[in-house]
Amino acid sequence: MTSVSVNRWQEVCRRLEERDPCLTELNLYGRGIGDAGAMRIASCLKKNTSLKEINLYGNNIGDEGVIALAAGLSESTSVEIVRLGNNQIGDKGAAALGSILATNHTIRVLVLFVNGIGPVGAAAVARGLKHNTSVQKLMLNMNNLGDEGAEAFGDTLCDNRGLKQLYLSDNKIGDSGVTAIADGLICNEGALQELNLSDNEITCEGAKEMAVRLKLNNGLKSLWLSGNPILRDGVKAMIQDGLRHNFYLESIDLAPFHDQTFLRNEKEFYLTLNRSGRKILRKEKVHVCFWAYILSRVGHDPNMIFYFLVRNPDLFKREEANKGDERFDENELYLLG
């Protein structure tokens with residue numbers, strides 16, 4: 001991939017207009033091209049088939065420029081990564097991007113952090129993602145989504161199966177917003193892998209609601225909730241009512257533990273179990289060969305091994321695993337993740 005970052009961005013536009021096949025990454029980080037520059041780039045996107053990544057971070061681009069870019073991207077069949085962070089995009093610009101997401105099947109990464117996107121714009125992006133299967137990573141950190149915007153994403157998660165990473169930190173999301181997102185995760189069928197809700201306004205009540213729903217989630221691997229006003233009771237609920245019964249989370253960042261050593265230790269215990277393949281306990285019968293994989297992940301911690309044996313002492317019985325014609329299938333290693 002060829003990265004281009006020149007003093008005169010007009011040279012880049014010339015190369016775009018001439019459809020230079022060597023130009024696969026457009027990097028105009030902090031060049032201050034504004035709406036006029038964005039509109040000129042947009043006019044080149046419709047016919048360009050080689051450009052894969054666009055980085056227009058910190059360019060004072062507002063709604064007018066983004067609306068033009070969205071129009072260009074709607075006809076692009078090559079651009080996979082779009083970085084528009086730290087601009088001046090509002091709800092109108094976000095709505096334009098949301099409208100193309102419903103039909104675009106190329107964009108994999110969309111970065112919109114540090115803009116002025118509010119609940120209306122966030123809802124438009126969420127609607128666009130409802131049936132989109134290409135976008136895998138969305139960064140909306142440091143906008144103004146609020147609970148309304150979060151609720152729109154909760155609704156989207158019920159239908160979307162393509163999104164793997166969702167970053168919504170520092171967005172003034174409160175308890176009703178996190179509850180809606182947690183509801184969406186239940187019917188998401190384990191598609192979303194990473195969720196960042198740090199530095200919002202989630203309290204103990206929101207944490208407790210999330211904890212209840214974590215029991216029913218079957219796929220989320222990483223969750224960030226640090227920087228929220230979640231006190232001891234909320235942290236305790238997340239660990240003892242949520243994480244204890246969740247077999248999939250491998251990383252969770254909560255509010256500062258301070259002197260709550262026992263909670264920290266309990267959290268690490270369940271996370272280690274999950275990383276060791278605890279979800280395998282949900283399968284009625286597993287081939288004995290899986291025992292070696294479990295041991296390799298658990299290490300030498302007797303508490304971990306004891307946990308697996310106590311939960312299901314017959315799980316790895318050789319005589320059960322070898323009954324009939326059943327054979328070990330290495331493809332089933334997906335159980336361990």
# chains A, B, ... in the order shown; residues from 1 in each chain; ligands from 1

call {"tool": "select_by_dssp", "arguments": {"residues": "segment 19-264 of chain A", "states": "strand (DSSP E or B)", "output": "number ranges by chain"}}
result
A: 25-27, 53-55, 81-83, 109-111, 137-139, 165-167, 194-196, 222-224, 251-253

call {"tool": "write_last_selection", "arguments": {"atoms": "C-alpha atoms", "output": "JSON list (two decimals), in the first residue's frame"}}
result
[["chain", "number", "residue", "atom", "x", "y", "z"],
["A", 25, "GLU", "CA", -4.05, 5.35, 0.66],
["A", 26, "LEU", "CA", -5.02, 9.02, 0.85],
["A", 27, "ASN", "CA", -3.44, 10.59, 3.94],
["A", 53, "GLU", "CA", -8.12, 4.09, 2.65],
["A", 54, "ILE", "CA", -9.01, 7.75, 3.26],
["A", 55, "ASN", "CA", -7.60, 9.65, 6.24],
["A", 81, "ILE", "CA", -11.31, 2.49, 5.56],
["A", 82, "VAL", "CA", -12.70, 5.99, 6.17],
["A", 83, "ARG", "CA", -11.15, 8.16, 8.91],
["A", 109, "VAL", "CA", -13.77, 0.70, 9.21],
["A", 110, "LEU", "CA", -15.51, 4.03, 9.91],
["A", 111, "VAL", "CA", -13.88, 6.52, 12.30],
["A", 137, "LYS", "CA", -15.35, -1.34, 13.30],
["A", 138, "LEU", "CA", -17.14, 1.90, 14.21],
["A", 139, "MET", "CA", -15.54, 4.61, 16.36],
["A", 165, "GLN", "CA", -15.96, -3.45, 17.40],
["A", 166, "LEU", "CA", -18.10, -0.57, 18.68],
["A", 167, "TYR", "CA", -16.52, 2.41, 20.48],
["A", 194, "GLU", "CA", -15.59, -5.43, 21.60],
["A", 195, "LEU", "CA", -17.67, -2.70, 23.24],
["A", 196, "ASN", "CA", -16.23, 0.49, 24.74],
["A", 222, "SER", "CA", -14.02, -7.25, 25.66],
["A", 223, "LEU", "CA", -15.98, -4.62, 27.60],
["A", 224, "TRP", "CA", -14.79, -1.20, 28.83],
["A", 251, "SER", "CA", -11.43, -8.74, 29.28],
["A", 252, "ILE", "CA", -13.45, -6.23, 31.29],
["A", 253, "ASP", "CA", -12.34, -2.78, 32.46]]

call {"tool": "closest_atom_pairs", "arguments": {"of": "segment 180-238 of chain A", "to": "segment 150-163 of chain A", "cutoff": "10 Å", "atoms": "only C-alpha atoms", "output": "tab-separated table"}}
result
residue	atom	partner	partner_atom	distance
A:Ala180	CA	A:Gly154	CA	5.0
A:Ile181	CA	A:Gly154	CA	3.9
A:Ala182	CA	A:Gly154	CA	7.0
A:Asp183	CA	A:Gly154	CA	6.6
A:Gly184	CA	A:Gly154	CA	4.5
A:Leu185	CA	A:Leu157	CA	6.3
A:Ile186	CA	A:Cys158	CA	7.9
A:Cys187	CA	A:Cys158	CA	5.2
A:Asn188	CA	A:Cys158	CA	5.1
A:Glu189	CA	A:Arg161	CA	7.8
A:Gly190	CA	A:Arg161	CA	8.4
A:Ala191	CA	A:Arg161	CA	5.3
A:Leu192	CA	A:Leu163	CA	5.8
A:Gln193	CA	A:Leu163	CA	8.3
A:Glu194	CA	A:Leu163	CA	9.3
A:Leu197	CA	A:Ala150	CA	10.0

call {"tool": "residues_around", "arguments": {"residues": "Arg232 of chain A", "least_positions_apart": "5", "cutoff": "12 Å", "atoms": "only C-alpha atoms", "output": "list of chain:residue names"}}
result
A:Thr203, A:Cys204, A:Glu205, A:Ala207, A:Lys208, A:Ala237, A:Met238, A:Ile239, A:Gln240, A:Leu254, A:Ala255, A:Pro256, A:Phe257, A:His258, A:Asp259, A:Gln260, A:Thr261, A:Phe262, A:Leu263, A:Arg264

call {"tool": "select_by_dssp", "arguments": {"residues": "segment 7-196 of chain A", "states": "helix (DSSP H, G or I)", "output": "count of residues only"}}
result
79

call {"tool": "residues_around", "arguments": {"residues": "segment 73-80 of chain A", "least_positions_apart": "3", "cutoff": "7 Å", "atoms": "only C-alpha atoms", "output": "list in words"}}
result
Leu45, Lys46, Thr49, Ser50, Leu51, Lys52, Glu53, Leu69, Ala70, Ile100, Asn104, Thr106, Ile107, Arg108 and Val109 of chain A

call {"tool": "atom_distance", "arguments": {"atom1": "atom CA of Asn246 of chain A", "atom2": "atom CA of Asn265 of chain A"}}
result
16.4 Å

call {"tool": "atom_distance", "arguments": {"atom1": "atom CA of Gly34 of chain A", "atom2": "atom CA of Ala95 of chain A"}}
result
18.9 Å

call {"tool": "closest_residue", "arguments": {"among": "A:Leu249, A:Val178, A:Ile89, A:Cys44", "to": "Lys221 of chain A", "atoms": "only C-alpha atoms"}}
result
A:Leu249

call {"tool": "residues_around", "arguments": {"residues": "Met142 of chain A", "least_positions_apart": "4", "cutoff": "8 Å", "atoms": "only C-alpha atoms", "output": "MDAnalysis selection string"}}
result
chainID A and resid 113:115 168:171

call {"tool": "write_last_selection", "arguments": {"atoms": "N, CA and C atoms", "output": "PDB file, in the first residue's frame"}}
result
ATOM      1  N   PHE A 113     -14.789   9.753  15.547  1.00  0.00           N
ATOM      2  CA  PHE A 113     -14.649  10.286  16.899  1.00  0.00           C
ATOM      3  C   PHE A 113     -14.284  11.782  16.884  1.00  0.00           C
ATOM      4  N   VAL A 114     -14.580  12.453  17.994  1.00  0.00           N
ATOM      5  CA  VAL A 114     -14.316  13.880  18.190  1.00  0.00           C
ATOM      6  C   VAL A 114     -14.956  14.718  17.091  1.00  0.00           C
ATOM      7  N   ASN A 115     -16.269  14.612  16.979  1.00  0.00           N
ATOM      8  CA  ASN A 115     -17.043  15.472  16.096  1.00  0.00           C
ATOM      9  C   ASN A 115     -18.206  16.044  16.900  1.00  0.00           C
ATOM     10  N   LEU A 168     -17.990   3.710  21.892  1.00  0.00           N
ATOM     11  CA  LEU A 168     -18.922   4.788  22.220  1.00  0.00           C
ATOM     12  C   LEU A 168     -18.525   5.501  23.510  1.00  0.00           C
ATOM     13  N   SER A 169     -17.247   5.550  23.804  1.00  0.00           N
ATOM     14  CA  SER A 169     -16.807   6.197  25.047  1.00  0.00           C
ATOM     15  C   SER A 169     -17.021   7.709  24.996  1.00  0.00           C
ATOM     16  N   ASP A 170     -17.183   8.307  26.181  1.00  0.00           N
ATOM     17  CA  ASP A 170     -17.316   9.762  26.328  1.00  0.00           C
ATOM     18  C   ASP A 170     -18.439  10.316  25.451  1.00  0.00           C
ATOM     19  N   ASN A 171     -19.647   9.815  25.669  1.00  0.00           N
ATOM     20  CA  ASN A 171     -20.796  10.224  24.864  1.00  0.00           C
ATOM     21  C   ASN A 171     -22.021  10.565  25.704  1.00  0.00           C
TER      22      ASN A 171
END

call {"tool": "atom_distance", "arguments": {"atom1": "atom CA of Gly72 of chain A", "atom2": "atom CA of Ser43 of chain A"}}
result
6.2 Å

call {"tool": "decode", "arguments": {"residues": "segment 53-69 of chain A", "atoms": "N, CA, C and O atoms", "output": "compact mmCIF listing (two decimals), in the first residue's frame"}}
result
# COMPACT_ATOMS: atom_id res chain seq x y z
N GLU A 53 -8.01 3.43 1.36
CA GLU A 53 -8.12 4.09 2.65
C GLU A 53 -8.07 5.60 2.51
O GLU A 53 -7.25 6.14 1.76
N ILE A 54 -8.96 6.29 3.25
CA ILE A 54 -9.01 7.75 3.26
C ILE A 54 -8.84 8.23 4.69
O ILE A 54 -9.60 7.86 5.59
N ASN A 55 -7.83 9.07 4.92
CA ASN A 55 -7.60 9.65 6.24
C ASN A 55 -7.68 11.16 6.14
O ASN A 55 -6.77 11.83 5.65
N LEU A 56 -8.80 11.70 6.61
CA LEU A 56 -9.03 13.15 6.60
C LEU A 56 -9.19 13.68 8.02
O LEU A 56 -9.96 14.61 8.27
N TYR A 57 -8.47 13.09 8.93
CA TYR A 57 -8.51 13.48 10.34
C TYR A 57 -8.06 14.95 10.51
O TYR A 57 -7.07 15.38 9.94
N GLY A 58 -8.83 15.70 11.29
CA GLY A 58 -8.45 17.07 11.64
C GLY A 58 -8.34 18.01 10.46
O GLY A 58 -7.32 18.67 10.26
N ASN A 59 -9.41 18.12 9.67
CA ASN A 59 -9.38 18.96 8.47
C ASN A 59 -10.48 20.01 8.42
O ASN A 59 -10.75 20.57 7.36
N ASN A 60 -11.12 20.27 9.56
CA ASN A 60 -12.18 21.29 9.62
C ASN A 60 -13.30 21.01 8.62
O ASN A 60 -13.88 21.93 8.04
N ILE A 61 -13.60 19.76 8.42
CA ILE A 61 -14.66 19.38 7.49
C ILE A 61 -15.99 19.35 8.25
O ILE A 61 -16.12 18.74 9.30
N GLY A 62 -16.97 20.05 7.71
CA GLY A 62 -18.30 20.11 8.31
C GLY A 62 -19.30 19.27 7.55
O GLY A 62 -18.94 18.42 6.73
N ASP A 63 -20.56 19.54 7.80
CA ASP A 63 -21.63 18.74 7.19
C ASP A 63 -21.62 18.81 5.66
O ASP A 63 -21.82 17.80 4.98
N GLU A 64 -21.38 20.00 5.13
CA GLU A 64 -21.41 20.17 3.66
C GLU A 64 -20.35 19.28 3.00
O GLU A 64 -20.64 18.60 2.00
N GLY A 65 -19.18 19.27 3.56
CA GLY A 65 -18.12 18.45 2.99
C GLY A 65 -18.38 16.97 3.13
O GLY A 65 -18.11 16.19 2.22
N VAL A 66 -18.92 16.56 4.28
CA VAL A 66 -19.19 15.15 4.52
C VAL A 66 -20.35 14.66 3.66
O VAL A 66 -20.34 13.51 3.19
N ILE A 67 -21.33 15.50 3.44
CA ILE A 67 -22.44 15.11 2.55
C ILE A 67 -21.91 14.82 1.15
O ILE A 67 -22.31 13.85 0.49
N ALA A 68 -20.96 15.63 0.70
CA ALA A 68 -20.35 15.39 -0.61
C ALA A 68 -19.53 14.10 -0.60
O ALA A 68 -19.60 13.30 -1.55
N LEU A 69 -18.76 13.90 0.46
CA LEU A 69 -17.97 12.67 0.56
C LEU A 69 -18.86 11.43 0.57
O LEU A 69 -18.53 10.40 -0.04
